[in-house]
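Enquirer: Compact mmCIF, C-alpha atoms, saved as coords.txt, coming up:
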# COMPACT_ATOMS: atom_id res chain seq x y z
CA MET A 1 0.00 0.00 0.00
CA GLU A 2 1.38 3.39 -1.01
CA ASN A 3 2.45 5.86 1.72
CA GLN A 4 1.97 3.25 4.43
CA TYR A 5 3.66 3.39 7.83
CA ASP A 6 3.35 1.57 11.11
CA ILE A 7 3.00 4.68 13.27
CA ALA A 8 2.06 8.29 12.58
CA ILE A 9 3.07 10.79 15.26
CA VAL A 10 0.92 13.90 14.92
CA GLY A 11 2.95 16.73 16.42
CA GLY A 12 6.68 17.24 15.99
CA GLY A 13 7.31 19.16 19.21
CA LEU A 14 9.47 17.83 22.01
CA VAL A 15 7.23 14.92 23.03
CA GLY A 16 6.46 13.81 19.48
CA ALA A 17 10.11 14.11 18.44
CA SER A 18 11.18 12.16 21.54
CA LEU A 19 8.87 9.31 20.62
CA ALA A 20 10.22 9.22 17.07
CA CYS A 21 13.79 9.09 18.41
CA ALA A 22 12.84 6.35 20.87
CA LEU A 23 11.33 4.19 18.12
CA ALA A 24 14.20 4.63 15.67
CA GLY A 25 16.06 1.35 15.15
CA THR A 26 13.09 -0.83 16.13
CA ASP A 27 12.03 -1.78 12.56
CA LEU A 28 8.81 0.18 13.04
CA ARG A 29 8.20 2.65 10.21
CA VAL A 30 7.40 6.06 11.69
CA VAL A 31 6.12 9.25 10.10
CA VAL A 32 6.07 12.53 12.04
CA ILE A 33 3.43 15.02 10.88
CA GLU A 34 4.01 18.60 12.04
CA ALA A 35 1.89 21.57 10.97
CA VAL A 36 4.33 24.35 11.86
CA PRO A 37 7.65 24.76 10.00
CA ARG A 38 10.66 24.07 12.16
CA LYS A 39 12.88 26.90 13.38
CA THR A 40 9.98 29.32 13.68
CA GLN A 41 8.84 31.08 16.85
CA SER A 42 5.48 29.28 16.83
CA GLN A 43 7.01 25.81 16.50
CA PRO A 44 6.50 24.04 19.86
CA GLY A 45 10.11 22.85 20.00
CA TYR A 46 11.47 26.37 19.53
CA ASP A 47 9.77 28.44 22.24
CA ASP A 48 11.34 30.46 25.05
CA ARG A 49 10.64 28.14 27.97
CA VAL A 50 13.43 26.71 30.09
CA LEU A 51 12.67 23.13 31.07
CA ALA A 52 13.61 21.57 34.40
CA ILE A 53 14.77 18.14 33.21
CA ALA A 54 14.60 15.55 36.01
CA PRO A 55 17.41 12.95 36.30
CA GLY A 56 15.01 10.23 35.16
CA SER A 57 14.15 12.28 32.09
CA ARG A 58 17.81 12.95 31.34
CA ARG A 59 18.33 9.20 31.37
CA ILE A 60 15.56 8.77 28.78
CA LEU A 61 17.00 11.53 26.57
CA ASP A 62 20.47 10.03 26.93
CA THR A 63 19.28 6.55 26.00
CA ILE A 64 17.45 7.69 22.87
CA GLY A 65 20.50 9.70 21.76
CA SER A 66 19.08 13.21 22.20
CA TRP A 67 21.05 14.41 25.21
CA ARG A 68 24.43 14.33 23.49
CA GLU A 69 23.04 16.48 20.68
CA ILE A 70 22.29 19.39 23.06
CA ASP A 71 24.80 22.24 23.18
CA ALA A 72 26.54 21.55 26.51
CA LYS A 73 26.95 25.27 27.22
CA SER A 74 23.17 25.67 27.41
CA VAL A 75 22.69 22.96 30.10
CA VAL A 76 22.89 24.14 33.72
CA PRO A 77 22.92 21.45 36.44
CA ILE A 78 20.65 22.25 39.38
CA LYS A 79 22.64 21.30 42.47
CA THR A 80 20.28 22.67 45.13
CA ILE A 81 16.53 23.36 45.23
CA HIS A 82 15.29 25.83 47.85
CA ILE A 83 11.53 25.71 48.53
CA SER A 84 9.87 28.28 50.80
CA ASP A 85 6.56 29.87 51.76
CA ARG A 86 6.81 33.65 51.35
CA GLY A 87 6.68 35.48 54.68
CA LYS A 88 6.35 32.24 56.66
CA PHE A 89 8.77 30.00 58.56
CA GLY A 90 8.56 26.89 56.38
CA PHE A 91 11.31 25.96 53.96
CA THR A 92 13.05 22.90 52.49
CA ARG A 93 16.45 22.45 50.87
CA LEU A 94 17.08 19.59 48.49
CA GLN A 95 20.79 19.05 47.77
CA HIS A 96 22.26 16.72 45.17
CA ASN A 97 25.12 15.43 47.36
CA LYS A 98 22.65 14.17 49.97
CA HIS A 99 20.89 12.03 47.39
CA GLY A 100 23.86 10.59 45.53
CA VAL A 101 23.10 12.22 42.19
CA GLU A 102 25.10 14.52 39.93
CA ALA A 103 22.28 17.07 40.00
CA MET A 104 18.70 17.42 41.23
CA GLY A 105 17.80 18.31 37.66
CA TYR A 106 19.00 20.24 34.64
CA ALA A 107 17.80 23.59 33.31
CA VAL A 108 17.65 23.31 29.51
CA PRO A 109 16.12 25.87 27.11
CA ALA A 110 13.29 24.26 25.13
CA ARG A 111 14.72 25.92 22.04
CA GLU A 112 18.06 24.12 22.45
CA LEU A 113 16.39 20.75 23.00
CA GLY A 114 14.19 21.37 19.95
CA VAL A 115 17.26 22.14 17.80
CA ALA A 116 19.02 19.00 19.09
CA MET A 117 16.07 16.75 18.32
CA GLY A 118 15.53 18.32 14.91
CA ARG A 119 19.15 17.59 14.06
CA GLN A 120 18.80 14.03 15.33
CA LEU A 121 15.59 13.32 13.41
CA GLN A 122 17.29 14.19 10.13
CA GLN A 123 19.80 11.38 10.70
CA LEU A 124 17.52 8.55 11.83
CA ASP A 125 16.63 5.56 9.69
CA GLY A 126 12.97 4.53 9.65
CA VAL A 127 11.65 8.02 10.51
CA THR A 128 10.03 10.26 7.87
CA MET A 129 9.27 13.94 8.53
CA MET A 130 6.30 15.66 6.92
CA CYS A 131 6.57 19.36 7.76
CA PRO A 132 4.63 21.49 7.25
CA ALA A 133 1.65 19.17 6.96
CA GLU A 134 -1.64 19.33 8.82
CA VAL A 135 -4.01 16.48 9.65
CA THR A 136 -7.52 17.28 8.44
CA GLY A 137 -9.28 13.99 9.20
CA LEU A 138 -9.09 10.26 9.89
CA ALA A 139 -10.91 7.44 8.12
CA ARG A 140 -10.97 3.65 8.34
CA GLU A 141 -9.76 1.60 5.41
CA LYS A 142 -12.65 0.73 3.14
CA ASP A 143 -11.81 -2.98 2.94
CA GLY A 144 -13.55 -3.46 6.29
CA SER A 145 -10.53 -5.00 8.00
CA GLU A 146 -9.92 -1.89 10.11
CA LYS A 147 -6.26 -2.80 10.17
CA PHE A 148 -5.27 0.70 9.06
CA VAL A 149 -6.25 4.31 9.60
CA GLU A 150 -6.17 6.68 6.66
CA ILE A 151 -4.89 10.11 7.66
CA LYS A 152 -6.03 12.91 5.41
CA LEU A 153 -3.59 15.80 5.11
CA SER A 154 -3.95 19.44 4.12
CA GLU A 155 -4.09 20.38 0.44
CA ASN A 156 -0.51 21.66 0.32
CA SER A 157 0.83 18.33 1.63
CA ASP A 158 2.52 15.78 -0.59
CA PRO A 159 1.25 13.10 -0.30
CA GLY A 160 -2.33 14.04 0.50
CA LYS A 161 -2.84 11.05 2.77
CA VAL A 162 -0.98 8.27 4.60
CA CYS A 163 -2.14 4.92 5.99
CA VAL A 164 -0.91 3.70 9.37
CA SER A 165 -1.58 1.01 11.96
CA LEU A 166 -1.47 3.50 14.84
CA VAL A 167 -1.94 7.26 15.24
CA VAL A 168 -0.22 8.95 18.19
CA PHE A 169 -1.45 12.46 18.97
CA ALA A 170 1.33 14.51 20.55
CA ASP A 171 0.17 17.88 19.25
CA GLY A 172 0.01 19.70 22.57
CA ALA A 173 -2.67 21.16 24.78
CA ASP A 174 -6.12 21.85 23.35
CA SER A 175 -5.63 19.48 20.42
CA ALA A 176 -8.32 20.19 17.81
CA MET A 177 -8.09 16.65 16.42
CA CYS A 178 -8.55 15.11 19.87
CA ARG A 179 -11.66 17.24 20.36
CA SER A 180 -13.01 16.08 17.01
CA LEU A 181 -12.48 12.44 18.04
CA ASN A 182 -14.62 12.98 21.17
CA PHE A 183 -12.04 12.08 23.79
CA GLU A 184 -13.69 12.84 27.14
CA THR A 185 -11.76 15.32 29.29
CA VAL A 186 -11.92 16.75 32.79
CA GLY A 187 -10.46 20.14 33.61
CA TYR A 188 -10.73 23.66 34.93
CA LYS A 189 -8.94 26.98 34.79
CA TYR A 190 -6.78 28.20 37.67
CA ASN A 191 -7.52 31.89 36.99
CA GLN A 192 -3.76 32.29 37.02
CA SER A 193 -1.21 32.99 34.31
CA VAL A 194 2.52 32.50 34.13
CA ILE A 195 4.87 35.34 33.23
CA LEU A 196 8.15 34.09 31.76
CA THR A 197 11.27 36.24 31.73
CA THR A 198 14.96 36.24 32.66
CA VAL A 199 16.90 38.26 35.21
CA THR A 200 20.57 38.70 35.97
CA PRO A 201 21.45 38.97 39.68
CA ASP A 202 24.47 40.77 41.13
CA ARG A 203 25.90 37.51 42.49
CA SER A 204 26.46 33.94 41.28
CA HIS A 205 23.41 31.69 41.17
CA ASN A 206 25.55 28.76 42.44
CA ASN A 207 23.38 26.29 40.51
CA THR A 208 20.51 26.82 42.94
CA ALA A 209 16.85 26.79 41.90
CA TYR A 210 14.13 28.45 43.97
CA GLU A 211 10.43 27.73 44.32
CA ARG A 212 8.76 30.35 46.51
CA PHE A 213 5.05 30.03 47.20
CA THR A 214 3.12 33.30 47.39
CA ASP A 215 -0.54 34.21 47.85
CA THR A 216 -0.97 34.53 44.04
CA GLY A 217 0.86 31.32 43.15
CA PRO A 218 4.42 29.97 42.99
CA LEU A 219 7.40 32.05 41.89
CA ALA A 220 10.25 29.93 40.52
CA LEU A 221 13.80 30.92 39.59
CA LEU A 222 15.79 28.42 37.53
CA PRO A 223 19.56 28.89 37.17
CA SER A 224 20.45 29.44 33.52
CA SER A 225 23.53 30.05 31.41
CA ASN A 226 25.52 33.32 31.68
CA ASN A 227 24.58 33.58 35.37
CA ARG A 228 20.96 34.37 34.62
CA TYR A 229 17.78 33.10 36.23
CA THR A 230 14.76 32.07 34.24
CA VAL A 231 11.72 33.45 36.08
CA VAL A 232 8.41 31.59 36.14
CA TRP A 233 6.07 33.97 37.98
CA THR A 234 2.50 32.82 38.60
CA ALA A 235 0.11 35.73 39.02
CA LEU A 236 -3.65 36.16 39.10
CA ASP A 237 -5.13 36.79 35.67
CA GLU A 238 -6.27 40.30 36.59
CA GLN A 239 -2.70 41.25 37.65
CA VAL A 240 -1.01 40.17 34.43
CA PRO A 241 -1.83 43.12 32.10
CA GLU A 242 -0.30 45.63 34.50
CA LEU A 243 2.81 43.46 35.05
CA LEU A 244 3.33 43.19 31.31
CA GLN A 245 2.84 46.89 30.65
CA CYS A 246 5.01 48.40 33.40
CA ASN A 247 8.56 49.38 32.50
CA ASP A 248 11.56 47.17 33.24
CA ASP A 249 12.64 49.01 36.40
CA GLU A 250 9.18 48.81 37.93
CA PHE A 251 8.82 45.15 37.00
CA LEU A 252 12.18 44.34 38.63
CA GLN A 253 11.11 46.20 41.78
CA ARG A 254 7.87 44.22 41.98
CA LEU A 255 9.67 40.96 41.31
CA GLN A 256 12.29 41.75 43.95
CA TYR A 257 9.55 42.56 46.47
CA ARG A 258 7.71 39.30 45.75
CA PHE A 259 10.82 37.14 45.91
CA GLY A 260 13.06 38.87 48.43
CA ASP A 261 16.82 39.35 48.57
CA ARG A 262 18.04 35.76 48.76
CA VAL A 263 19.60 35.89 45.25
CA GLY A 264 20.87 39.43 45.67
CA GLU A 265 19.76 42.40 43.60
CA MET A 266 18.07 41.61 40.29
CA CYS A 267 19.76 43.96 37.84
CA LYS A 268 18.86 43.11 34.25
CA LEU A 269 15.54 41.99 32.79
CA GLY A 270 14.81 40.03 29.62
CA GLY A 271 11.64 40.01 27.54
CA ARG A 272 8.30 39.04 29.08
CA LYS A 273 5.82 36.46 27.83
CA THR A 274 2.69 35.03 29.38
CA TYR A 275 0.24 32.15 29.06
CA PRO A 276 -2.85 31.11 31.08
CA LEU A 277 -2.84 28.09 33.37
CA SER A 278 -5.34 25.26 33.51
CA PHE A 279 -5.66 21.60 34.39
CA VAL A 280 -6.92 19.30 31.64
CA LYS A 281 -6.80 15.53 31.48
CA VAL A 282 -8.12 13.08 28.89
CA LYS A 283 -9.96 10.50 30.98
CA HIS A 284 -9.12 7.54 28.74
CA PRO A 285 -6.47 8.51 26.17
CA VAL A 286 -6.59 5.32 24.07
CA LYS A 287 -8.98 4.10 21.40
CA ASN A 288 -8.57 1.43 18.77
CA ARG A 289 -5.56 2.60 16.67
CA ILE A 290 -5.32 5.95 18.49
CA VAL A 291 -3.39 7.07 21.58
CA VAL A 292 -2.89 10.56 23.04
CA VAL A 293 0.31 11.50 24.92
CA GLY A 294 2.06 14.48 26.49
CA ASN A 295 0.25 17.79 26.91
CA ALA A 296 -2.46 16.61 24.51
CA ALA A 297 -3.38 14.02 27.16
CA HIS A 298 -2.64 15.96 30.35
CA THR A 299 -1.95 19.64 30.92
CA ILE A 300 -0.90 20.41 34.49
CA HIS A 301 0.26 23.43 36.50
CA PRO A 302 3.98 24.18 36.00
CA VAL A 303 4.65 24.11 39.76
CA ALA A 304 7.55 21.70 40.48
CA GLY A 305 8.34 21.56 36.75
CA GLN A 306 6.67 18.20 36.13
CA GLY A 307 4.89 18.73 32.78
CA PHE A 308 7.55 17.78 30.20
CA ASN A 309 8.96 15.09 32.49
CA LEU A 310 5.51 13.50 32.68
CA GLY A 311 5.27 13.55 28.89
CA LEU A 312 8.69 11.91 28.53
CA ARG A 313 7.54 9.06 30.77
CA ASP A 314 4.56 8.65 28.41
CA VAL A 315 7.07 8.33 25.58
CA ALA A 316 9.28 5.81 27.37
CA THR A 317 6.35 3.59 28.32
CA LEU A 318 4.55 3.76 24.97
CA ALA A 319 7.74 3.07 23.01
CA GLU A 320 8.42 -0.01 25.14
CA VAL A 321 4.86 -1.34 24.83
CA LEU A 322 4.87 -0.87 21.05
CA PHE A 323 8.32 -2.41 20.65
CA ASP A 324 7.35 -5.46 22.70
CA ALA A 325 4.07 -5.89 20.82
CA HIS A 326 5.84 -5.64 17.47
CA ALA A 327 8.46 -8.19 18.60
CA GLN A 328 5.63 -10.58 19.52
CA GLU A 329 4.03 -9.98 16.09
CA LEU A 330 0.97 -8.39 17.68
CA ASP A 331 -1.08 -5.63 16.06
CA ILE A 332 0.41 -2.47 17.58
CA GLY A 333 -2.82 -0.53 17.02
CA ASP A 334 -5.07 -3.07 18.72
CA ILE A 335 -6.93 -1.74 21.74
CA ASP A 336 -5.55 -4.51 23.97
CA VAL A 337 -2.00 -3.31 23.28
CA LEU A 338 -2.91 0.32 23.88
CA ASP A 339 -4.85 -0.53 27.05
CA ARG A 340 -1.65 -2.06 28.41
CA TYR A 341 0.08 1.28 27.89
CA TRP A 342 -2.72 3.06 29.74
CA ARG A 343 -2.64 0.62 32.66
CA LEU A 344 1.08 1.29 33.05
CA ARG A 345 0.74 5.09 32.85
CA ARG A 346 -2.52 5.86 34.62
CA ARG A 347 -1.23 5.81 38.18
CA ASP A 348 1.73 8.13 37.50
CA ILE A 349 -0.38 10.61 35.52
CA ASP A 350 -3.08 10.71 38.21
CA ARG A 351 -0.52 11.03 41.02
CA VAL A 352 1.40 13.92 39.43
CA GLY A 353 -1.83 15.69 38.48
CA ARG A 354 -3.09 15.48 42.08
CA PHE A 355 0.31 16.48 43.49
CA THR A 356 0.58 19.68 41.45
CA ASP A 357 -3.08 20.57 41.98
CA VAL A 358 -2.89 20.09 45.77
CA LEU A 359 0.29 22.18 45.95
CA ILE A 360 -1.41 25.11 44.23
CA ARG A 361 -4.56 24.92 46.31
CA LEU A 362 -2.69 24.41 49.58
CA PHE A 363 -0.12 27.16 49.13
CA SER A 364 -2.50 29.74 47.62
CA ASN A 365 -4.75 29.64 50.67
CA ASP A 366 -4.50 32.29 53.42
CA SER A 367 -6.05 30.08 56.13
CA LEU A 368 -3.97 30.28 59.34
CA PHE A 369 -4.45 26.57 60.00
CA LEU A 370 -3.35 25.60 56.49
CA SER A 371 -0.43 28.04 56.69
CA LEU A 372 0.86 26.36 59.85
CA ALA A 373 0.27 22.88 58.43
CA ARG A 374 2.07 23.50 55.14
CA ASP A 375 5.05 25.20 56.81
CA ALA A 376 5.35 22.31 59.25
CA ALA A 377 5.27 19.95 56.25
CA LEU A 378 8.05 21.88 54.51
CA LEU A 379 10.19 21.75 57.64
CA SER A 380 9.55 18.04 58.09
CA VAL A 381 10.75 17.37 54.55
CA ASP A 382 13.87 19.43 55.33
CA LEU A 383 14.58 17.74 58.65
CA ILE A 384 13.40 14.15 58.17
CA PRO A 385 15.58 12.30 55.62
CA PRO A 386 13.05 9.52 54.78
CA ALA A 387 10.38 12.12 53.98
CA GLN A 388 12.82 13.98 51.75
CA ARG A 389 13.93 10.81 49.97
CA PHE A 390 10.28 9.90 49.31
CA LEU A 391 9.60 13.31 47.72
CA VAL A 392 12.86 13.50 45.78
CA LYS A 393 12.64 10.04 44.25
CA ARG A 394 9.23 10.83 42.81
CA THR A 395 9.97 14.31 41.52
CA MET A 396 13.18 13.02 39.90
CA GLY A 397 11.20 10.39 37.96
CA LEU A 398 12.93 7.47 39.65
CA ALA A 399 10.02 5.92 41.57
CA GLY A 400 7.65 3.10 40.74
CA ARG A 401 7.91 0.82 37.73
CA LEU A 402 10.51 2.28 35.38
CA PRO A 403 10.35 1.49 31.65
CA ARG A 404 13.56 0.34 30.03
CA LEU A 405 14.46 3.76 28.63
CA SER A 406 14.16 5.25 32.14
CA ARG A 407 16.71 2.64 33.30
CA GLY A 408 19.14 3.51 30.55
CA LEU A 409 18.36 0.41 28.48
CA PRO A 410 17.76 0.88 24.73
CA LEU A 411 14.74 -0.84 23.24
CA ALA A 412 16.70 -2.47 20.44
CA SER A 413 20.12 -4.01 20.51
CA ILE A 414 21.16 -1.80 17.59
CA SER A 415 21.91 1.88 18.10
CA GLN A 416 18.83 4.12 18.12
CA GLY A 417 20.58 7.34 17.28
CA PRO A 418 23.53 8.80 15.48
CA GLY A 419 26.87 7.85 16.95
Just dump the structure as structure tokens.

Expert:
Amino acid sequence: MENQYDIAIVGGGLVGASLACALAGTDLRVVVIEAVPRKTQSQPGYDDRVLAIAPGSRRILDTIGSWREIDAKSVVPIKTIHISDRGKFGFTRLQHNKHGVEAMGYAVPARELGVAMGRQLQQLDGVTMMCPAEVTGLAREKDGSEKFVEIKLSENSDPGKVCVSLVVFADGADSAMCRSLNFETVGYKYNQSVILTTVTPDRSHNNTAYERFTDTGPLALLPSSNNRYTVVWTALDEQVPELLQCNDDEFLQRLQYRFGDRVGEMCKLGGRKTYPLSFVKVKHPVKNRIVVVGNAAHTIHPVAGQGFNLGLRDVATLAEVLFDAHAQELDIGDIDVLDRYWRLRRRDIDRVGRFTDVLIRLFSNDSLFLSLARDAALLSVDLIPPAQRFLVKRTMGLAGRLPRLSRGLPLASISQGPG
């Protein structure tokens, strides 16, 4: 059959590209369909976010060959994480040397990771890129076997359609195609937005990241290259227009007031961008020959930097399930195969969703009782090693059942990436 593949990945951003890299070398024929041209501001792999890559996620990226493609100068190891409740007594320090790891995480610009993966995808056997190309519809094969899905592409695409055994939607939050396929979702808005920017302090950041909870939401500072901090400031929606419109000096003064003097004086400000925050989850992200992963399946609050890490664990688990099914000569698009993926992922997705949601609701509440309880909890994590190990292992992506990629084991015996 012409233009036939085993798997179509709809969405060539970081999650979709990761899955393609993970499947390279497995004998599965993969096509990546991306609507936005690469190396443009609107391409999801080329935005201005800085990602907090957990050690478990670094292991996945290393195993699929992506980590070594990243410009080393852009990667900043996070040695210490300082968590506090603004104006209260509670705080916690998480230090890499107390947990036997090289770093608690790594601050990596999304743009740099997108460039690295784009370079890697061009070198992989068994992976075809269609970009720009937009999916306009899905249809079953007319022979009645339902062994393939026909993907219809936009008029400017060549070819105009492809046939695949499995469609993976990794096209980000608020996926129009997922809505059209009637995936049931649960969700709500937080009435908060994030303001992203960078600041340069008057002292070294010493590879320390900060998460400070305030009455309008968390304020995070991630150490970045050239002794800058990437600022992730959560504010109420009604506060955002004024914060975006005020001049740089006034913005720095407000930021300094909200955060305090722990990092010294904030001297230089970068550009400001904003996006609204919400929680959305697809209740059952698998159907016969269709699976939804990453932000298309679950959009969570950026507190604790879990979003991309959660999506990478989707990738590692799905790649393993598909590889094993293919090795056993099973139909990789069959609902029984995809249900196995969902059984393996459901607990982690639910747990991280609840964790981030509870953090926001707990630390954005002015109740005196809750204030005392949360500060006592922060101190207990700081002072009680077992409690800290429990938290750290989970936020680093090293808890529970780990797929092979998360353990540093390639899916295939042959190399999955360029040497």

Enquirer: Please determine the residues with any atom at most 7 Å from (9.6, 19.6, 45.5) (coordinates as given in the file, with all atoms listed in the file counting) and report them as a list in words.

Expert: Ala304, Leu391, Val392 and Thr395 of chain A

Enquirer: Would you mind telling me which residue in A:Lys273, A:Arg140, A:Lys79, A:Arg389 lies nearest to A:Glu102 when using all atoms listed in the file?

Expert: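 Closest residue, counting all atoms listed in the file: A:Lys79.
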
Enquirer: Restricting the calculation to all atoms listed in the file: of A:Ala412, A:Leu312, A:Leu51, A:Leu61, which residue gets closest to A:Leu196?

Expert: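 Ranked by minimum distance to A:Leu196, first place goes to A:Leu51.
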
Enquirer: Can you pull out the residues contacting stretch 159-170 of chain A? Cut-off 8 Å, using only C-alpha atoms, and skip same-chain residues under 3 positions away; I want them as a PyMOL selection string.

Expert: chain A and resi 2-13+15-16+147-156+178+289-296+331-333

Enquirer: For a quick check of understanding, using all atoms listed in the file, which of A:Ser18, A:Ser406, A:Thr185, A:Thr299 has the smallest distance to A:Pro285?

Expert: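 Closest to A:Pro285, using all atoms listed in the file: A:Thr185.
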
Enquirer: Would you compute the distance between atom CA of A:His326 and atom CA of A:Gly118? Give it in Å to one decimal.

Expert: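 Atom CA of A:Gly118 lies at a distance of 26.0 Å from atom CA of A:His326.
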
Enquirer: Give me the residues within 7 Å of A:Arg272 as a count of residues only, counting only C-alpha atoms and dropping any in the same chain fewer than 4 places off.

Expert: 4

Enquirer: Return the single residue from A:Val76, A:Phe183, A:Thr214, A:Val36 that is closest to A:Glu134, with distances computed using all atoms listed in the file.

Expert: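 Checking each candidate against A:Glu134, we get A:Val36 as the closest.
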
Enquirer: Under the rule of at most 12 Å, produce a per-residue listing of stretch 32-142 of chain A near stretch 245-269 of chain A: chain, number, name, the closest pair of atoms, and the distance in Å, as JSON lines, using only C-alpha atoms.

Expert:
{"residue": "A:His82", "atom": "CA", "partner": "A:Arg262", "partner_atom": "CA", "distance": 10.3}
{"residue": "A:Ile83", "atom": "CA", "partner": "A:Phe259", "partner_atom": "CA", "distance": 11.7}
{"residue": "A:Ser84", "atom": "CA", "partner": "A:Phe259", "partner_atom": "CA", "distance": 10.2}
{"residue": "A:Asp85", "atom": "CA", "partner": "A:Phe259", "partner_atom": "CA", "distance": 10.3}
{"residue": "A:Arg86", "atom": "CA", "partner": "A:Phe259", "partner_atom": "CA", "distance": 7.6}
{"residue": "A:Gly87", "atom": "CA", "partner": "A:Gly260", "partner_atom": "CA", "distance": 9.6}

Enquirer: Interatomic distance between atom CA of A:Ser225 and atom CA of A:Val75?

Expert: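 Atom-to-atom, atom CA of A:Ser225 and atom CA of A:Val75 are spaced 7.3 Å apart.
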
Enquirer: Have a look at atom CA of A:Tyr210 and atom CA of A:Met117 and let me know their distance in Å, one decimal.

Expert: 28.3 Å

Enquirer: Using all atoms listed in the file, which of the listed residues (A:Gln239, A:Asn191, A:Gln123, A:Thr26) sits closest to A:Glu320?

Expert: A:Thr26

Enquirer: Check the smallest atom-to-atom distance from each of A:Ala35, A:Val337, A:Leu222, A:Ala24 to A:Leu124 using all atoms listed in the file, then report the winner.

Expert: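 Looking at the shortest contact to A:Leu124, the residue is A:Ala24.
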
Enquirer: Which residues, written as a PyMOL selection string, have at least one atom at most 9 Å from A:Ala319, with all atoms listed in the file counted and residues fewer than 3 positions away on the same chain left out?

Expert: chain A and resi 19-20+22-23+314-316+322-324+405+411

Enquirer: Leaving out A:Leu113 and any residue of its chain fewer than 4 positions from it, which residues lie within 8 Å of it when counting only C-alpha atoms, given as number ranges by chain?

Expert: A: 14, 45, 70, 108-109, 117

Enquirer: Excluding same-chain residues fewer than 3 positions from A:Val240, what lies within 10 Å of it counting all atoms listed in the file, as a list in words?

Expert: Gln192, Ser193, Val194, Ile195, Thr234, Ala235, Leu236, Asp237, Leu243, Leu244, Gln245, Thr274, Tyr275 and Pro276 of chain A
